[in-house]
Amino acid sequence: DTGVSQDPRHKITKRGQNVTFRCDPISEHNRLYWYRQTLGQGPEFLTYFQNEAQLEKSRLLSDRFSAERPKGSFSTLEIQRTEQGDSAMYLCASLEGGRNEQFFGPGTRLTVL
Amino acid sequence: DAKTTQPPSMDCAEGRAANLPCNHSTISGNEYVYWYRQIHSQGPQYIIHGLKNNETNEMASLIITEDRKSSTLILPHATLRDTAVYYCIAGSGNTPLVFGKGTRLSVIA
């Protein structure tokens, strides 16, 4: 257990539905990252926050995706109108300011039917 | 794209040292070499990182060549629980990590 938690751990949804995932980072970590991982591939960066500010978004983050970190603590990742291609593991990681190692949560596995 | 290349898979006998190579010939002067591993169905786990000096911690040792174009992660006494995908990443301290496909290490009893 790294101290980063994600909820839910598994989500099965039908195509076209909206889903929301939550990440709770380690409390003193001011940076929070979202990654996506498909089968057989390494994780791919989606977006990251410093405190409540969203600093960077990957081109993978289409307009159906939105992420927030309203009070600089937990973060949510929402996918609207899900597609089968969104099926993946969504990983969250946090980082303490001035440090180098990112701590990853267990991930949320999304299956879109 | 990842700035590193790694062999897709390796085997190691339990109790022996596992030496995982990584090439990063285009690494920039201020970029670190990071190693993470991912055990099946879990999130990646940080192992070690270094800039130009060799590093050691309770999990592993990192040997970086003098020209910084390659490195080796050493697990001194591999156990079955070390079976995982190992990722070598070149990057700056707090920027997003760029993962490749990593090396699948199988530790065999």
# chains A, B, ... in the order shown; residues from 1 in each chain; ligands from 1
call {"tool": "residues_around", "arguments": {"residues": "stretch 89-96 of chain A", "least_positions_apart": "2", "cutoff": "6 Å", "atoms": "only C-alpha atoms", "output": "PyMOL selection string"}}
result
chain A and resi 25+29-37+99+102-105+107-109
call {"tool": "write_last_selection", "arguments": {"atoms": "C-alpha atoms", "output": "PDB file, in the first residue's frame"}}
result
ATOM      1  CA  PRO A  25      -3.156  11.125  -2.978  1.00  0.00           C
ATOM      2  CA  HIS A  29       1.856  15.591  -1.974  1.00  0.00           C
ATOM      3  CA  ASN A  30       1.110  18.646  -4.061  1.00  0.00           C
ATOM      4  CA  ARG A  31       1.422  17.031  -7.500  1.00  0.00           C
ATOM      5  CA  LEU A  32      -1.112  14.527  -8.795  1.00  0.00           C
ATOM      6  CA  TYR A  33      -0.901  12.644 -12.097  1.00  0.00           C
ATOM      7  CA  TRP A  34      -3.356  10.560 -14.102  1.00  0.00           C
ATOM      8  CA  TYR A  35      -2.178   7.825 -16.464  1.00  0.00           C
ATOM      9  CA  ARG A  36      -3.968   5.265 -18.599  1.00  0.00           C
ATOM     10  CA  GLN A  37      -2.717   1.758 -19.290  1.00  0.00           C
ATOM     11  CA  ARG A  99      11.091  14.903  -4.585  1.00  0.00           C
ATOM     12  CA  GLN A 102       5.894   9.178  -7.885  1.00  0.00           C
ATOM     13  CA  PHE A 103       3.689   6.945  -5.747  1.00  0.00           C
ATOM     14  CA  PHE A 104       1.007   5.115  -7.682  1.00  0.00           C
ATOM     15  CA  GLY A 105      -2.386   3.951  -6.575  1.00  0.00           C
ATOM     16  CA  GLY A 107      -5.706   1.788 -10.391  1.00  0.00           C
ATOM     17  CA  THR A 108      -9.303   1.666 -11.568  1.00  0.00           C
ATOM     18  CA  ARG A 109      -9.986  -0.924 -14.238  1.00  0.00           C
TER      19      ARG A 109
END
call {"tool": "residues_around", "arguments": {"residues": "stretch 88-96 of chain B", "least_positions_apart": "3", "cutoff": "7 Å", "atoms": "only C-alpha atoms", "output": "list of chain:residue names"}}
result
A:Phe45, A:Arg99, A:Asn100, B:Lys3, B:Thr4, B:Cys22, B:Ile27, B:Asn30, B:Glu31, B:Tyr32, B:Val33, B:Tyr34, B:Trp35, B:Tyr36, B:Phe99, B:Gly102
call {"tool": "write_last_selection", "arguments": {"atoms": "C-alpha atoms", "output": "short mmCIF file (atom, residue, chain, number, x, y, z; two decimals), in the first residue's frame"}}
result
data_model
loop_
_atom_site.label_atom_id
_atom_site.label_comp_id
_atom_site.auth_asym_id
_atom_site.auth_seq_id
_atom_site.Cartn_x
_atom_site.Cartn_y
_atom_site.Cartn_z
CA PHE A 45 0.28 10.17 -19.25
CA ARG A 99 11.09 14.90 -4.59
CA ASN A 100 11.48 12.58 -7.57
CA LYS B 3 13.59 7.67 -24.63
CA THR B 4 14.74 4.27 -23.43
CA CYS B 22 18.53 -0.10 -20.34
CA ILE B 27 19.16 11.39 -22.36
CA ASN B 30 19.55 17.23 -16.47
CA GLU B 31 17.42 14.12 -16.85
CA TYR B 32 17.42 11.34 -14.31
CA VAL B 33 17.19 7.61 -14.90
CA TYR B 34 14.23 6.13 -13.03
CA TRP B 35 13.28 2.52 -12.51
CA TYR B 36 9.77 1.40 -11.65
CA PHE B 99 6.85 4.66 -19.96
CA GLY B 102 9.55 -2.41 -20.12
#
call {"tool": "closest_residue", "arguments": {"among": "B:Arg16, B:Lys69, B:His24, B:Lys101", "to": "A:Pro43", "atoms": "only C-alpha atoms"}}
result
B:Lys101
call {"tool": "select_by_dssp", "arguments": {"residues": "stretch 30-99 of chain A", "states": "strand (DSSP E or B)", "output": "PDB file with N, CA and C atoms, in the first residue's frame"}}
result
ATOM      1  N   ARG A  31       1.620  17.372  -6.086  1.00  0.00           N
ATOM      2  CA  ARG A  31       1.422  17.031  -7.500  1.00  0.00           C
ATOM      3  C   ARG A  31       0.646  15.729  -7.610  1.00  0.00           C
ATOM      4  N   LEU A  32      -0.274  15.707  -8.575  1.00  0.00           N
ATOM      5  CA  LEU A  32      -1.112  14.527  -8.795  1.00  0.00           C
ATOM      6  C   LEU A  32      -1.182  14.270 -10.296  1.00  0.00           C
ATOM      7  N   TYR A  33      -0.966  13.035 -10.686  1.00  0.00           N
ATOM      8  CA  TYR A  33      -0.901  12.644 -12.097  1.00  0.00           C
ATOM      9  C   TYR A  33      -1.944  11.576 -12.395  1.00  0.00           C
ATOM     10  N   TRP A  34      -2.493  11.629 -13.582  1.00  0.00           N
ATOM     11  CA  TRP A  34      -3.356  10.560 -14.102  1.00  0.00           C
ATOM     12  C   TRP A  34      -2.670   9.934 -15.318  1.00  0.00           C
ATOM     13  N   TYR A  35      -2.707   8.588 -15.353  1.00  0.00           N
ATOM     14  CA  TYR A  35      -2.178   7.825 -16.464  1.00  0.00           C
ATOM     15  C   TYR A  35      -3.229   6.803 -16.887  1.00  0.00           C
ATOM     16  N   ARG A  36      -3.106   6.332 -18.104  1.00  0.00           N
ATOM     17  CA  ARG A  36      -3.968   5.265 -18.599  1.00  0.00           C
ATOM     18  C   ARG A  36      -3.087   4.139 -19.121  1.00  0.00           C
ATOM     19  N   GLN A  37      -3.510   2.905 -18.846  1.00  0.00           N
ATOM     20  CA  GLN A  37      -2.717   1.758 -19.290  1.00  0.00           C
ATOM     21  C   GLN A  37      -3.617   0.739 -19.957  1.00  0.00           C
ATOM     22  N   GLU A  44       0.369   5.487 -19.922  1.00  0.00           N
ATOM     23  CA  GLU A  44       0.491   6.694 -20.741  1.00  0.00           C
ATOM     24  C   GLU A  44      -0.064   7.874 -19.954  1.00  0.00           C
ATOM     25  N   PHE A  45       0.662   8.972 -19.987  1.00  0.00           N
ATOM     26  CA  PHE A  45       0.275  10.169 -19.251  1.00  0.00           C
ATOM     27  C   PHE A  45      -1.006  10.776 -19.819  1.00  0.00           C
ATOM     28  N   LEU A  46      -1.895  11.215 -18.935  1.00  0.00           N
ATOM     29  CA  LEU A  46      -3.115  11.909 -19.345  1.00  0.00           C
ATOM     30  C   LEU A  46      -3.080  13.382 -18.942  1.00  0.00           C
ATOM     31  N   THR A  47      -2.877  13.642 -17.635  1.00  0.00           N
ATOM     32  CA  THR A  47      -2.909  15.013 -17.156  1.00  0.00           C
ATOM     33  C   THR A  47      -2.279  15.076 -15.776  1.00  0.00           C
ATOM     34  N   TYR A  48      -1.893  16.297 -15.338  1.00  0.00           N
ATOM     35  CA  TYR A  48      -1.430  16.405 -13.972  1.00  0.00           C
ATOM     36  C   TYR A  48      -1.744  17.769 -13.363  1.00  0.00           C
ATOM     37  N   PHE A  49      -1.745  17.788 -12.050  1.00  0.00           N
ATOM     38  CA  PHE A  49      -2.089  18.958 -11.253  1.00  0.00           C
ATOM     39  C   PHE A  49      -0.954  19.304 -10.300  1.00  0.00           C
ATOM     40  N   GLN A  50      -0.780  20.589 -10.098  1.00  0.00           N
ATOM     41  CA  GLN A  50      -0.009  21.064  -8.955  1.00  0.00           C
ATOM     42  C   GLN A  50      -0.999  21.787  -8.069  1.00  0.00           C
ATOM     43  N   ALA A  53      -4.298  23.447  -9.569  1.00  0.00           N
ATOM     44  CA  ALA A  53      -4.102  23.896 -10.948  1.00  0.00           C
ATOM     45  C   ALA A  53      -3.736  22.729 -11.865  1.00  0.00           C
ATOM     46  N   GLN A  54      -4.486  22.620 -12.972  1.00  0.00           N
ATOM     47  CA  GLN A  54      -4.190  21.599 -13.971  1.00  0.00           C
ATOM     48  C   GLN A  54      -3.112  22.155 -14.891  1.00  0.00           C
ATOM     49  N   LEU A  55      -1.932  21.559 -14.852  1.00  0.00           N
ATOM     50  CA  LEU A  55      -0.785  22.139 -15.541  1.00  0.00           C
ATOM     51  C   LEU A  55      -0.595  21.640 -16.963  1.00  0.00           C
ATOM     52  N   GLU A  56      -0.982  20.414 -17.236  1.00  0.00           N
ATOM     53  CA  GLU A  56      -0.719  19.863 -18.559  1.00  0.00           C
ATOM     54  C   GLU A  56      -1.741  18.791 -18.873  1.00  0.00           C
ATOM     55  N   LYS A  57      -2.141  18.757 -20.139  1.00  0.00           N
ATOM     56  CA  LYS A  57      -3.047  17.722 -20.619  1.00  0.00           C
ATOM     57  C   LYS A  57      -2.438  17.070 -21.851  1.00  0.00           C
ATOM     58  N   PHE A  65     -13.061  13.723 -21.850  1.00  0.00           N
ATOM     59  CA  PHE A  65     -12.405  13.526 -20.556  1.00  0.00           C
ATOM     60  C   PHE A  65     -12.284  14.871 -19.840  1.00  0.00           C
ATOM     61  N   SER A  66     -12.533  14.852 -18.539  1.00  0.00           N
ATOM     62  CA  SER A  66     -12.267  16.040 -17.746  1.00  0.00           C
ATOM     63  C   SER A  66     -11.755  15.606 -16.381  1.00  0.00           C
ATOM     64  N   ALA A  67     -10.835  16.384 -15.850  1.00  0.00           N
ATOM     65  CA  ALA A  67     -10.264  16.076 -14.549  1.00  0.00           C
ATOM     66  C   ALA A  67     -10.291  17.327 -13.696  1.00  0.00           C
ATOM     67  N   GLU A  68     -10.470  17.114 -12.404  1.00  0.00           N
ATOM     68  CA  GLU A  68     -10.497  18.231 -11.461  1.00  0.00           C
ATOM     69  C   GLU A  68      -9.743  17.846 -10.200  1.00  0.00           C
ATOM     70  N   SER A  75      -8.684  14.065  -6.388  1.00  0.00           N
ATOM     71  CA  SER A  75      -8.939  14.429  -7.782  1.00  0.00           C
ATOM     72  C   SER A  75      -9.979  13.477  -8.348  1.00  0.00           C
ATOM     73  N   THR A  76     -10.730  13.959  -9.328  1.00  0.00           N
ATOM     74  CA  THR A  76     -11.664  13.117 -10.060  1.00  0.00           C
ATOM     75  C   THR A  76     -11.347  13.162 -11.543  1.00  0.00           C
ATOM     76  N   LEU A  77     -11.577  12.050 -12.192  1.00  0.00           N
ATOM     77  CA  LEU A  77     -11.439  11.941 -13.650  1.00  0.00           C
ATOM     78  C   LEU A  77     -12.772  11.454 -14.177  1.00  0.00           C
ATOM     79  N   GLU A  78     -13.395  12.235 -15.043  1.00  0.00           N
ATOM     80  CA  GLU A  78     -14.681  11.873 -15.610  1.00  0.00           C
ATOM     81  C   GLU A  78     -14.525  11.586 -17.092  1.00  0.00           C
ATOM     82  N   ILE A  79     -15.182  10.537 -17.536  1.00  0.00           N
ATOM     83  CA  ILE A  79     -15.252  10.225 -18.962  1.00  0.00           C
ATOM     84  C   ILE A  79     -16.721  10.277 -19.352  1.00  0.00           C
ATOM     85  N   ALA A  88      -9.599   0.352 -20.099  1.00  0.00           N
ATOM     86  CA  ALA A  88      -8.197   0.444 -19.712  1.00  0.00           C
ATOM     87  C   ALA A  88      -8.110   0.473 -18.198  1.00  0.00           C
ATOM     88  N   MET A  89      -6.879   0.477 -17.703  1.00  0.00           N
ATOM     89  CA  MET A  89      -6.624   0.732 -16.287  1.00  0.00           C
ATOM     90  C   MET A  89      -6.277   2.211 -16.163  1.00  0.00           C
ATOM     91  N   TYR A  90      -6.942   2.906 -15.270  1.00  0.00           N
ATOM     92  CA  TYR A  90      -6.654   4.319 -15.027  1.00  0.00           C
ATOM     93  C   TYR A  90      -5.900   4.434 -13.708  1.00  0.00           C
ATOM     94  N   LEU A  91      -4.707   4.978 -13.792  1.00  0.00           N
ATOM     95  CA  LEU A  91      -3.795   5.045 -12.654  1.00  0.00           C
ATOM     96  C   LEU A  91      -3.608   6.482 -12.203  1.00  0.00           C
ATOM     97  N   CYS A  92      -3.506   6.632 -10.926  1.00  0.00           N
ATOM     98  CA  CYS A  92      -3.245   7.924 -10.318  1.00  0.00           C
ATOM     99  C   CYS A  92      -1.927   7.833  -9.566  1.00  0.00           C
ATOM    100  N   ALA A  93      -1.154   8.910  -9.580  1.00  0.00           N
ATOM    101  CA  ALA A  93       0.103   8.937  -8.842  1.00  0.00           C
ATOM    102  C   ALA A  93       0.254  10.300  -8.173  1.00  0.00           C
ATOM    103  N   SER A  94       0.951  10.332  -7.053  1.00  0.00           N
ATOM    104  CA  SER A  94       1.205  11.622  -6.406  1.00  0.00           C
ATOM    105  C   SER A  94       2.686  11.775  -6.093  1.00  0.00           C
ATOM    106  N   LEU A  95       3.076  13.023  -5.919  1.00  0.00           N
ATOM    107  CA  LEU A  95       4.484  13.369  -5.769  1.00  0.00           C
ATOM    108  C   LEU A  95       4.605  14.517  -4.783  1.00  0.00           C
TER     109      LEU A  95
END
call {"tool": "closest_residue", "arguments": {"among": "A:His10, A:Lys71, A:Arg64, A:Arg22", "to": "chain B", "atoms": "only C-alpha atoms"}}
result
A:His10
call {"tool": "residues_around", "arguments": {"residues": "B:Met59", "least_positions_apart": "3", "cutoff": "12 Å", "atoms": "only C-alpha atoms", "output": "number ranges by chain"}}
result
B: 18, 35-37, 45-49, 55-56, 62, 73-79, 82
call {"tool": "atom_distance", "arguments": {"atom1": "atom CA of B:Ile63", "atom2": "atom CA of B:Ala17"}}
result
13.7 Å
call {"tool": "closest_residue", "arguments": {"among": "B:Gly43, B:Thr72, B:Gln6, B:Ser61", "to": "A:Gly3", "atoms": "only C-alpha atoms"}}
result
B:Gly43
call {"tool": "atom_distance", "arguments": {"atom1": "atom CA of B:Ile39", "atom2": "atom CA of B:Gly15"}}
result
18.6 Å
call {"tool": "residues_around", "arguments": {"residues": "A:Gly85", "least_positions_apart": "3", "cutoff": "10 Å", "atoms": "only C-alpha atoms", "output": "ChimeraX atom specification"}}
result
/A:15,38,82,88,111-113
